[in-house]
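protein02.csv (CSV, N, CA and C atoms) appears below.
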chain,number,residue,atom,x,y,z
C,32,LEU,N,-49.1,3.6,251.8
C,32,LEU,CA,-50.4,4.0,251.4
C,32,LEU,C,-50.4,5.4,250.8
C,33,ASP,N,-49.7,6.4,251.5
C,33,ASP,CA,-49.6,7.7,251.0
C,33,ASP,C,-49.0,7.7,249.6
C,34,LYS,N,-48.0,6.9,249.4
C,34,LYS,CA,-47.3,6.8,248.1
C,34,LYS,C,-48.3,6.4,247.0
C,35,LYS,N,-49.2,5.4,247.3
C,35,LYS,CA,-50.1,4.9,246.3
C,35,LYS,C,-51.2,6.0,246.0
C,36,GLU,N,-51.6,6.7,247.1
C,36,GLU,CA,-52.6,7.8,246.9
C,36,GLU,C,-52.1,8.9,246.0
C,37,LYS,N,-50.8,9.3,246.2
C,37,LYS,CA,-50.3,10.4,245.4
C,37,LYS,C,-50.1,10.0,244.0
C,38,GLY,N,-50.0,8.7,243.7
C,38,GLY,CA,-49.9,8.2,242.3
C,38,GLY,C,-51.2,8.1,241.6
C,39,PHE,N,-52.3,8.2,242.4
C,39,PHE,CA,-53.6,8.1,241.8
C,39,PHE,C,-54.2,9.5,241.4
C,40,ALA,N,-54.3,9.7,240.1
C,40,ALA,CA,-54.7,11.0,239.7
C,40,ALA,C,-56.1,11.0,239.2
C,41,LEU,N,-56.9,12.0,239.6
C,41,LEU,CA,-58.3,12.2,239.2
C,41,LEU,C,-58.4,13.2,238.1
C,42,THR,N,-57.3,13.7,237.6
C,42,THR,CA,-57.4,14.8,236.6
C,42,THR,C,-58.0,14.2,235.3
C,43,GLY,N,-58.7,14.9,234.5
C,43,GLY,CA,-59.3,14.5,233.3
C,43,GLY,C,-60.6,13.8,233.4
C,44,LEU,N,-61.1,13.6,234.6
C,44,LEU,CA,-62.4,13.0,234.8
C,44,LEU,C,-63.6,13.9,234.3
C,45,HIS,N,-63.3,15.2,234.3
C,45,HIS,CA,-64.4,16.1,233.9
C,45,HIS,C,-64.6,16.0,232.4
C,46,SER,N,-63.7,15.6,231.7
C,46,SER,CA,-63.9,15.5,230.2
C,46,SER,C,-64.4,14.1,229.8
C,47,VAL,N,-64.4,13.2,230.7
C,47,VAL,CA,-64.9,11.8,230.3
C,47,VAL,C,-66.5,11.8,230.4
C,48,ARG,N,-67.1,11.4,229.4
C,48,ARG,CA,-68.6,11.3,229.4
C,48,ARG,C,-69.0,9.8,229.2
C,49,LEU,N,-69.8,9.4,230.2
C,49,LEU,CA,-70.3,8.0,230.1
C,49,LEU,C,-71.5,7.9,229.2
C,50,ASN,N,-71.7,6.8,228.6
C,50,ASN,CA,-72.9,6.6,227.8
C,50,ASN,C,-74.1,6.5,228.6
C,51,GLU,N,-75.2,7.0,228.1
C,51,GLU,CA,-76.4,7.0,228.8
C,51,GLU,C,-77.0,5.6,228.9
C,52,TYR,N,-77.5,5.2,230.1
C,52,TYR,CA,-77.9,3.8,230.3
C,52,TYR,C,-79.4,3.8,230.5
C,53,ASN,N,-80.1,2.9,229.9
C,53,ASN,CA,-81.5,2.8,230.0
C,53,ASN,C,-81.8,1.3,230.2
C,54,ALA,N,-82.2,0.9,231.4
C,54,ALA,CA,-82.4,-0.5,231.8
C,54,ALA,C,-83.5,-1.2,230.9
C,55,LEU,N,-84.4,-0.4,230.3
C,55,LEU,CA,-85.4,-1.0,229.5
C,55,LEU,C,-84.9,-1.6,228.2
C,56,TYR,N,-83.7,-1.1,227.8
C,56,TYR,CA,-83.0,-1.6,226.6
C,56,TYR,C,-82.0,-2.7,226.9
C,57,ASP,N,-81.8,-3.0,228.2
C,57,ASP,CA,-80.7,-3.9,228.6
C,57,ASP,C,-81.3,-5.3,228.5
C,58,PRO,N,-80.6,-6.2,227.6
C,58,PRO,CA,-81.1,-7.5,227.4
C,58,PRO,C,-81.0,-8.4,228.7
C,59,ASN,N,-80.1,-8.0,229.6
C,59,ASN,CA,-80.0,-8.7,230.8
C,59,ASN,C,-81.1,-8.4,231.8
C,60,MET,N,-81.8,-7.4,231.6
C,60,MET,CA,-82.9,-7.0,232.5
C,60,MET,C,-84.3,-7.4,231.9
C,61,ARG,N,-84.3,-8.1,230.8
C,61,ARG,CA,-85.5,-8.4,230.1
C,61,ARG,C,-86.4,-9.3,231.0
C,62,HIS,N,-85.9,-10.3,231.6
C,62,HIS,CA,-86.7,-11.1,232.5
C,62,HIS,C,-87.4,-10.4,233.6
C,63,PHE,N,-86.7,-9.4,234.2
C,63,PHE,CA,-87.2,-8.6,235.2
C,63,PHE,C,-88.4,-7.8,234.7
C,64,PHE,N,-88.3,-7.2,233.6
C,64,PHE,CA,-89.3,-6.3,233.0
C,64,PHE,C,-90.5,-7.1,232.4
C,65,GLU,N,-90.3,-8.4,232.2
C,65,GLU,CA,-91.4,-9.2,231.6
C,65,GLU,C,-92.5,-9.5,232.7
C,66,SER,N,-92.2,-9.3,233.9
C,66,SER,CA,-93.2,-9.7,235.0
C,66,SER,C,-94.5,-8.8,234.8
C,67,LYS,N,-95.6,-9.3,235.1
C,67,LYS,CA,-96.9,-8.6,234.9
C,67,LYS,C,-97.0,-7.3,235.7
C,68,ASN,N,-96.5,-7.4,237.0
C,68,ASN,CA,-96.5,-6.2,237.8
C,68,ASN,C,-95.6,-5.1,237.3
C,69,ASN,N,-94.5,-5.5,236.8
C,69,ASN,CA,-93.6,-4.4,236.2
C,69,ASN,C,-94.1,-3.9,234.9
C,70,GLN,N,-94.7,-4.8,234.1
C,70,GLN,CA,-95.3,-4.3,232.9
C,70,GLN,C,-96.4,-3.3,233.1
C,71,LEU,N,-97.2,-3.6,234.1
C,71,LEU,CA,-98.3,-2.7,234.5
C,71,LEU,C,-97.8,-1.4,235.0
C,72,LEU,N,-96.8,-1.4,235.8
C,72,LEU,CA,-96.2,-0.2,236.3
C,72,LEU,C,-95.6,0.7,235.2
C,73,LEU,N,-94.9,0.0,234.3
C,73,LEU,CA,-94.3,0.7,233.2
C,73,LEU,C,-95.3,1.3,232.2
C,74,TYR,N,-96.4,0.6,232.1
C,74,TYR,CA,-97.5,1.1,231.2
C,74,TYR,C,-98.2,2.3,231.9
C,75,ARG,N,-98.5,2.2,233.2
C,75,ARG,CA,-99.1,3.3,233.9
C,75,ARG,C,-98.3,4.6,233.9
C,76,THR,N,-97.0,4.4,234.0
C,76,THR,CA,-96.1,5.6,234.0
C,76,THR,C,-95.7,6.1,232.6
C,77,GLY,N,-96.2,5.4,231.6
C,77,GLY,CA,-96.0,5.9,230.2
C,77,GLY,C,-94.6,5.5,229.6
C,78,GLN,N,-94.0,4.5,230.1
C,78,GLN,CA,-92.7,4.1,229.6
C,78,GLN,C,-92.8,3.1,228.5
C,79,ILE,N,-93.9,2.3,228.5
C,79,ILE,CA,-94.1,1.4,227.4
C,79,ILE,C,-95.6,1.6,226.9
C,80,ASP,N,-95.8,1.1,225.7
C,80,ASP,CA,-97.2,1.2,225.2
C,80,ASP,C,-98.0,-0.1,225.5
C,81,SER,N,-99.2,-0.2,225.0
C,81,SER,CA,-100.0,-1.4,225.3
C,81,SER,C,-99.5,-2.7,224.8
C,82,ASN,N,-98.6,-2.6,223.8
C,82,ASN,CA,-98.0,-3.8,223.2
C,82,ASN,C,-96.7,-4.2,223.9
C,83,GLY,N,-96.3,-3.4,224.9
C,83,GLY,CA,-95.0,-3.7,225.6
C,83,GLY,C,-93.8,-3.1,225.0
C,84,ARG,N,-94.0,-2.3,224.0
C,84,ARG,CA,-92.8,-1.6,223.3
C,84,ARG,C,-92.4,-0.4,224.1
C,85,VAL,N,-91.1,-0.1,224.2
C,85,VAL,CA,-90.6,1.0,225.0
C,85,VAL,C,-90.9,2.3,224.2
C,86,ILE,N,-91.4,3.3,224.9
C,86,ILE,CA,-91.7,4.6,224.3
C,86,ILE,C,-90.4,5.5,224.6
C,87,ASP,N,-89.9,5.9,223.5
C,87,ASP,CA,-88.7,6.8,223.5
C,87,ASP,C,-89.1,8.2,223.7
C,88,LEU,N,-89.0,8.8,224.9
C,88,LEU,CA,-89.5,10.1,225.2
C,88,LEU,C,-88.7,11.2,224.4
C,89,ASP,N,-87.4,11.0,224.1
C,89,ASP,CA,-86.7,11.9,223.3
C,89,ASP,C,-87.3,12.0,221.9
C,90,LYS,N,-87.6,10.9,221.3
C,90,LYS,CA,-88.2,10.9,219.9
C,90,LYS,C,-89.6,11.5,219.9
C,91,ASN,N,-90.3,11.4,221.0
C,91,ASN,CA,-91.7,11.9,221.1
C,91,ASN,C,-91.9,13.2,221.8
C,92,LYS,N,-90.8,13.8,222.1
C,92,LYS,CA,-90.8,15.1,222.8
C,92,LYS,C,-91.7,16.2,222.2
C,93,SER,N,-91.6,16.3,220.8
C,93,SER,CA,-92.4,17.3,220.2
C,93,SER,C,-93.9,17.0,220.2
C,94,LYS,N,-94.2,15.7,220.2
C,94,LYS,CA,-95.6,15.3,220.3
C,94,LYS,C,-96.1,15.6,221.7
C,95,LEU,N,-95.3,15.3,222.7
C,95,LEU,CA,-95.7,15.6,224.1
C,95,LEU,C,-95.9,17.1,224.3
C,96,PHE,N,-95.0,17.9,223.7
C,96,PHE,CA,-95.1,19.4,223.8
C,96,PHE,C,-96.5,19.8,223.2
C,97,ILE,N,-96.8,19.3,222.0
C,97,ILE,CA,-98.1,19.7,221.4
C,97,ILE,C,-99.3,19.3,222.2
C,98,LEU,N,-99.2,18.1,222.8
C,98,LEU,CA,-100.3,17.7,223.7
C,98,LEU,C,-100.5,18.5,224.9
C,99,GLU,N,-99.3,18.9,225.5
C,99,GLU,CA,-99.4,19.7,226.7
C,99,GLU,C,-99.9,21.1,226.4
C,100,ARG,N,-99.5,21.6,225.2
C,100,ARG,CA,-100.0,22.9,224.8
C,100,ARG,C,-101.6,22.9,224.6
C,101,GLU,N,-102.0,21.8,223.9
C,101,GLU,CA,-103.5,21.6,223.7
C,101,GLU,C,-104.2,21.5,225.0
C,102,PHE,N,-103.7,20.8,225.9
C,102,PHE,CA,-104.4,20.7,227.2
C,102,PHE,C,-104.4,22.0,227.9
C,103,LYS,N,-103.4,22.8,227.9
C,103,LYS,CA,-103.4,24.1,228.5
C,103,LYS,C,-104.5,25.0,227.9
C,104,GLU,N,-104.5,24.9,226.5
C,104,GLU,CA,-105.5,25.7,225.8
C,104,GLU,C,-106.9,25.3,226.2
C,105,ALA,N,-107.1,24.0,226.3
C,105,ALA,CA,-108.5,23.5,226.6
C,105,ALA,C,-108.8,23.9,228.0
C,106,GLU,N,-107.9,23.9,228.9
C,106,GLU,CA,-108.1,24.4,230.3
C,106,GLU,C,-108.5,25.8,230.3
C,107,LYS,N,-107.9,26.7,229.5
C,107,LYS,CA,-108.2,28.1,229.5
C,107,LYS,C,-109.6,28.3,228.9
C,108,ILE,N,-110.0,27.5,227.9
C,108,ILE,CA,-111.3,27.6,227.3
C,108,ILE,C,-112.4,27.2,228.3
C,109,GLU,N,-112.1,26.2,229.1
C,109,GLU,CA,-113.0,25.7,230.1
C,109,GLU,C,-113.2,26.7,231.2
C,110,GLU,N,-112.1,27.3,231.6
C,110,GLU,CA,-112.1,28.4,232.7
C,110,GLU,C,-113.0,29.6,232.2
C,111,ARG,N,-112.8,30.0,230.9
C,111,ARG,CA,-113.6,31.1,230.4
C,111,ARG,C,-115.1,30.7,230.3
C,112,ARG,N,-115.4,29.5,229.9
C,112,ARG,CA,-116.7,29.0,229.8
C,112,ARG,C,-117.4,29.1,231.2
C,113,GLN,N,-116.7,28.6,232.2
C,113,GLN,CA,-117.2,28.5,233.6
C,113,GLN,C,-117.4,30.0,234.1
C,114,LYS,N,-116.5,30.8,233.8
C,114,LYS,CA,-116.6,32.2,234.2
C,114,LYS,C,-117.8,32.9,233.6
C,115,GLU,N,-118.0,32.7,232.3
C,115,GLU,CA,-119.2,33.2,231.6
C,115,GLU,C,-120.5,32.7,232.1
C,116,GLU,N,-120.5,31.4,232.4
C,116,GLU,CA,-121.6,30.7,233.0
C,116,GLU,C,-122.0,31.3,234.4
C,117,LEU,N,-121.0,31.6,235.2
C,117,LEU,CA,-121.2,32.2,236.5
C,117,LEU,C,-121.7,33.6,236.4
C,118,GLU,N,-121.2,34.3,235.4
C,118,GLU,CA,-121.7,35.7,235.2
C,118,GLU,C,-123.1,35.7,234.7
C,119,MET,N,-123.5,34.7,233.9
C,119,MET,CA,-124.9,34.6,233.5
C,119,MET,C,-125.8,34.3,234.7
C,120,ARG,N,-125.4,33.4,235.6
C,120,ARG,CA,-126.2,33.1,236.7
C,120,ARG,C,-126.3,34.3,237.7
C,121,VAL,N,-125.3,35.1,237.8
C,121,VAL,CA,-125.3,36.3,238.6
C,121,VAL,C,-126.4,37.3,238.1
C,122,ARG,N,-126.4,37.4,236.8
C,122,ARG,CA,-127.4,38.4,236.1
C,122,ARG,C,-128.8,37.9,236.3
C,123,ILE,N,-129.0,36.7,236.4
C,123,ILE,CA,-130.4,36.2,236.4
C,123,ILE,C,-130.9,36.2,237.8

Reformat the file's structure so that it appears as structure tokens.
Amino acid sequence: LDKKEKGFALTGLHSVRLNEYNALYDPNMRHFFESKNNQLLLYRTGQIDSNGRVIDLDKNKSKLFILEREFKEAEKIEERRQKEELEMRVRI
């Protein structure tokens, strides 16, 4: 057994890169993802659209960034509005 273990080399594993796997694109998993419960979960979590098509987050990353920025800006505006409204109530 020791002889077999010494012949087993793990060198070079750091340079090997596996392909990225996404089960949503796997044709063997199609039947699993076609169930209504799974479709609903995938839709709620933003992984598919209303037509059942997979949403590629890497392709839409810039759109997501813009939306997040707009939400943050809207939150700041709303906070300022509420603060001004509170100040007006205190004056009256």

**Request:** Pull the alpha helix (DSSP H) assignments for stretch 59-116 of chain C out of DSSP run on the backbone, and list those residues as a PyMOL selection string.
**Result:** chain C and resi 61-64+67-75+92-116

Can you tell me, as a CSV table (one decimal) with N, CA and C atoms, keeping the file's coordinate frame, what residues are no more than 12 Å from stretch 76-80 of chain C when counting only C-alpha atoms, ignoring any on the same chain fewer than 6 positions away?
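What follows is the written file result-v3.csv:
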chain,number,residue,atom,x,y,z
C,53,ASN,N,-80.1,2.9,229.9
C,53,ASN,CA,-81.5,2.8,230.0
C,53,ASN,C,-81.8,1.3,230.2
C,54,ALA,N,-82.2,0.9,231.4
C,54,ALA,CA,-82.4,-0.5,231.8
C,54,ALA,C,-83.5,-1.2,230.9
C,55,LEU,N,-84.4,-0.4,230.3
C,55,LEU,CA,-85.4,-1.0,229.5
C,55,LEU,C,-84.9,-1.6,228.2
C,56,TYR,N,-83.7,-1.1,227.8
C,56,TYR,CA,-83.0,-1.6,226.6
C,56,TYR,C,-82.0,-2.7,226.9
C,64,PHE,N,-88.3,-7.2,233.6
C,64,PHE,CA,-89.3,-6.3,233.0
C,64,PHE,C,-90.5,-7.1,232.4
C,65,GLU,N,-90.3,-8.4,232.2
C,65,GLU,CA,-91.4,-9.2,231.6
C,65,GLU,C,-92.5,-9.5,232.7
C,69,ASN,N,-94.5,-5.5,236.8
C,69,ASN,CA,-93.6,-4.4,236.2
C,69,ASN,C,-94.1,-3.9,234.9
C,70,GLN,N,-94.7,-4.8,234.1
C,70,GLN,CA,-95.3,-4.3,232.9
C,70,GLN,C,-96.4,-3.3,233.1
C,86,ILE,N,-91.4,3.3,224.9
C,86,ILE,CA,-91.7,4.6,224.3
C,86,ILE,C,-90.4,5.5,224.6
C,87,ASP,N,-89.9,5.9,223.5
C,87,ASP,CA,-88.7,6.8,223.5
C,87,ASP,C,-89.1,8.2,223.7
C,88,LEU,N,-89.0,8.8,224.9
C,88,LEU,CA,-89.5,10.1,225.2
C,88,LEU,C,-88.7,11.2,224.4
C,89,ASP,N,-87.4,11.0,224.1
C,89,ASP,CA,-86.7,11.9,223.3
C,89,ASP,C,-87.3,12.0,221.9
C,91,ASN,N,-90.3,11.4,221.0
C,91,ASN,CA,-91.7,11.9,221.1
C,91,ASN,C,-91.9,13.2,221.8
C,95,LEU,N,-95.3,15.3,222.7
C,95,LEU,CA,-95.7,15.6,224.1
C,95,LEU,C,-95.9,17.1,224.3

**Message:** Quick check, in Å to one decimal: how far apart do atom N of C:Leu72 and atom N of C:Arg100 lie?
**Reply:** 25.5 Å

**Message:** Rounded to one decimal, what separation in Å do you get between atom N of C:Phe63 and atom C of C:Gly83?
**Reply:** 13.2 Å

**Message:** Report, in Å with one decimal, the straight-line distance from atom C of C:Val47 to atom N of C:Lys92.
**Reply:** 25.8 Å
